[in-house]
2 protein chains.
Amino acid sequence: MADHPVRSLGRPREFELDEVLDSALDLFWKRGFRATTTRDLEAELGITQSSMYNAFGSKRDLLLAAIDRYEAQVEKELLVTLTQPGADLEGVDRFFSRLGRWVERHEHRGCLVVNLMASETGDDVIRGRVVAYRKKIRSALHGALMRSFDAQTAELRTEALLAAVLGLHITARTGQPGEVDRMLRGIRAEIAGWQEALPA
Amino acid sequence: MADHPVRSLGRPREFELDEVLDSALDLFWKRGFRATTTRDLEAELGITQSSMYNAFGSKRDLLLAAIDRYEAQVEKELLVTLTQPGADLEGVDRFFSRLGRWVERHEHRGCLVVNLMASETGDDVIRGRVVAYRKKIRSALHGALMRSFDAQTAELRTEALLAAVLGLHITARTGQPGEVDRMLRGIRAEIAGWQEALPA
DNA sequence: GCCCTTTTCGAGCGCTTGCTCTAGAAAGTC
DNA sequence: GACTTTCTAGAGCAAGCGCTCGAAAAGGGC
């Protein structure tokens, strides 16, 4: 993932940056940023707080690095259905299909970034990141919808679907069994309605 | 709002319970539950921590009371468009219209309960409250949609709109200027599409 | 082998947190 | 006006927080 320098001066680090970053991401994602203490991280990451601070600088910097990793994962596993060349309304439906499996696999986690939208509004840098994240999903959706609808329709439906994606994620975090499934069915039924009205 | 006992033995309380509760709600809503300290509350509420603890028990109990108050407000100002007798798809559109003004008035606050969905997943009681809150909105939407569509369509569209409502709220919390407006237009355009297909 | 750099380790610092305690003040009751 | 009951004020407690520090350990360069 990240590019590692070939050489290093001094004592070599005893852990893999990427592995530790994944553990931190998991914890921030599952428990929330504020609720995760540096001691929690120490236990889960298997390294001391000093090592963590030496490698990442601060708890907040660790979060920012985790966001990077999270976004890369989302792009590769979800947004790709929207951004690959030629993706249209059918791609949008595939996106929601994958989103369903993603949410199921990451039960009660929701979305790292969406969770931050609710809780870390005081930090300008983080707020910038979450705004950019929404923008990224919006533009991916729009790119695909543009291939199936006229400009105005595409834009309107982009907004409606973006709201649906965020709402689905928030629901996934505290959802009861079946809640997310029903929601997903409702969204995809709407998309199916659009498809039927399309010229074959 | 709350019913006050007529009499009280001993020294009477020097503040209004409801006023203080409103201030607490405002703070929890704006800054988030975790980010709001008891000192913050002390300053904003104008009473000492002792008085606060004497009156409400704990910070968490204060939140639960604030949720009650918040829900009552939502019901009276928003859900009423869906629950009043005879409300149908037109009522749903009015609901979103009011939601837009509500979000604008409470800038960067989002929804108290939606925010809790993201950050307070560890507390079973609070999780119960947020699940119930979703259920309440869902059933209000469903009640209105049932009057305009067949059972299956109503259920599917209820789910899609619930997702949209939650997504809109999350966006409102960190939204850039215009972001919420565009999203709302996208959602209402979808509803308008449903209306056009309806038998006049 | 010895330096130089960097990481690891464990202890712990200063601060904030939610909450409590004690003393005294303010009402109703008789 | 004593007595009871409740509320207010302010200090302060124990625990937990993010983060740092000094010393030891582990490698590469010469």
# chains A, B, ... in the order shown; residues from 1 in each chain; ligands from 1
>>> interface_residues(of="chain B", to="chain C", cutoff="12 Å", atoms="only C-alpha atoms (C1' of nucleotides)", output="ChimeraX atom specification")
/B:7-14,34-40,49-54,57-60
>>> write_last_selection(atoms="C-alpha atoms", output="mmCIF file, in the first residue's frame")
data_model
loop_
_atom_site.group_PDB
_atom_site.id
_atom_site.type_symbol
_atom_site.label_atom_id
_atom_site.label_comp_id
_atom_site.auth_asym_id
_atom_site.auth_seq_id
_atom_site.Cartn_x
_atom_site.Cartn_y
_atom_site.Cartn_z
ATOM 1 C CA ARG B 7 -46.141 21.371 46.196
ATOM 2 C CA SER B 8 -42.646 20.752 47.412
ATOM 3 C CA LEU B 9 -41.183 20.343 50.814
ATOM 4 C CA GLY B 10 -38.085 22.270 51.735
ATOM 5 C CA ARG B 11 -36.322 25.010 49.826
ATOM 6 C CA PRO B 12 -37.755 25.484 46.351
ATOM 7 C CA ARG B 13 -35.605 25.131 43.275
ATOM 8 C CA GLU B 14 -34.330 28.446 41.881
ATOM 9 C CA ARG B 34 -19.257 13.358 24.643
ATOM 10 C CA ALA B 35 -17.743 16.703 23.754
ATOM 11 C CA THR B 36 -19.992 18.520 26.203
ATOM 12 C CA THR B 37 -18.500 18.567 29.692
ATOM 13 C CA THR B 38 -20.308 19.112 32.949
ATOM 14 C CA ARG B 39 -18.432 22.416 33.204
ATOM 15 C CA ASP B 40 -19.812 23.460 29.829
ATOM 16 C CA GLN B 49 -23.000 21.110 38.830
ATOM 17 C CA SER B 50 -24.425 20.185 42.227
ATOM 18 C CA SER B 51 -27.804 21.606 41.265
ATOM 19 C CA MET B 52 -27.641 19.819 37.970
ATOM 20 C CA TYR B 53 -26.762 16.494 39.558
ATOM 21 C CA ASN B 54 -29.369 17.023 42.214
ATOM 22 C CA GLY B 57 -28.900 12.465 38.504
ATOM 23 C CA SER B 58 -26.162 12.167 35.919
ATOM 24 C CA LYS B 59 -24.959 13.578 32.639
ATOM 25 C CA ARG B 60 -26.429 10.580 30.885
#
>>> interface_residues(of="chain D", to="chain A", cutoff="7 Å", atoms="only C-alpha atoms (C1' of nucleotides)", output="list in words")
DA26, DG27 and DG28 of chain D
>>> interface_residues(of="chain A", to="chain B", cutoff="6 Å", atoms="only C-alpha atoms", output="CSV table (one decimal) with N, CA and C atoms, in the first residue's frame")
chain,number,residue,atom,x,y,z
A,115,ASN,N,-19.5,8.5,10.5
A,115,ASN,CA,-19.5,8.6,11.9
A,115,ASN,C,-18.8,9.9,12.4
A,118,ALA,N,-20.7,13.1,12.4
A,118,ALA,CA,-21.6,13.4,13.5
A,118,ALA,C,-20.8,13.9,14.7
A,156,LEU,N,-30.1,15.6,-10.0
A,156,LEU,CA,-31.1,15.5,-8.9
A,156,LEU,C,-31.0,14.1,-8.3
A,157,ARG,N,-30.9,13.1,-9.1
A,157,ARG,CA,-30.9,11.7,-8.6
A,157,ARG,C,-29.5,11.4,-7.9
A,159,GLU,N,-28.1,13.5,-5.9
A,159,GLU,CA,-28.3,14.0,-4.6
A,159,GLU,C,-29.2,13.1,-3.7
A,160,ALA,N,-30.2,12.6,-4.4
A,160,ALA,CA,-31.1,11.7,-3.6
A,160,ALA,C,-30.4,10.4,-3.2
A,163,ALA,N,-27.9,11.0,-0.3
A,163,ALA,CA,-28.6,11.0,0.9
A,163,ALA,C,-28.9,9.6,1.4
A,164,ALA,N,-29.3,8.7,0.4
A,164,ALA,CA,-29.6,7.4,0.8
A,164,ALA,C,-28.4,6.6,1.2
A,166,LEU,N,-25.7,7.8,2.7
A,166,LEU,CA,-25.3,8.2,4.1
A,166,LEU,C,-26.3,7.7,5.1
A,167,GLY,N,-27.6,7.7,4.8
A,167,GLY,CA,-28.6,7.2,5.7
A,167,GLY,C,-28.5,5.7,5.9
A,168,LEU,N,-28.1,5.0,4.9
A,168,LEU,CA,-27.9,3.6,5.1
A,168,LEU,C,-26.7,3.3,6.0
A,183,MET,N,-34.0,-1.3,4.1
A,183,MET,CA,-33.7,0.0,3.5
A,183,MET,C,-33.0,-0.2,2.2
A,186,GLY,N,-35.5,-0.9,-0.5
A,186,GLY,CA,-36.3,0.3,-0.8
A,186,GLY,C,-35.5,1.1,-1.8
A,187,ILE,N,-34.3,1.3,-1.6
A,187,ILE,CA,-33.4,2.1,-2.5
A,187,ILE,C,-33.3,1.5,-3.8
>>> residues_around(residues="Ala66 (chain A)", least_positions_apart="3", cutoff="12 Å", atoms="only C-alpha atoms (C1' of nucleotides)", output="number ranges by chain")
A: 17-29, 33, 56, 59-63, 69-73, 112-113, 126, 129
>>> atom_distance(atom1="CA of Leu79 (chain A)", atom2="CA of Glu107 (chain A)")
19.5 Å
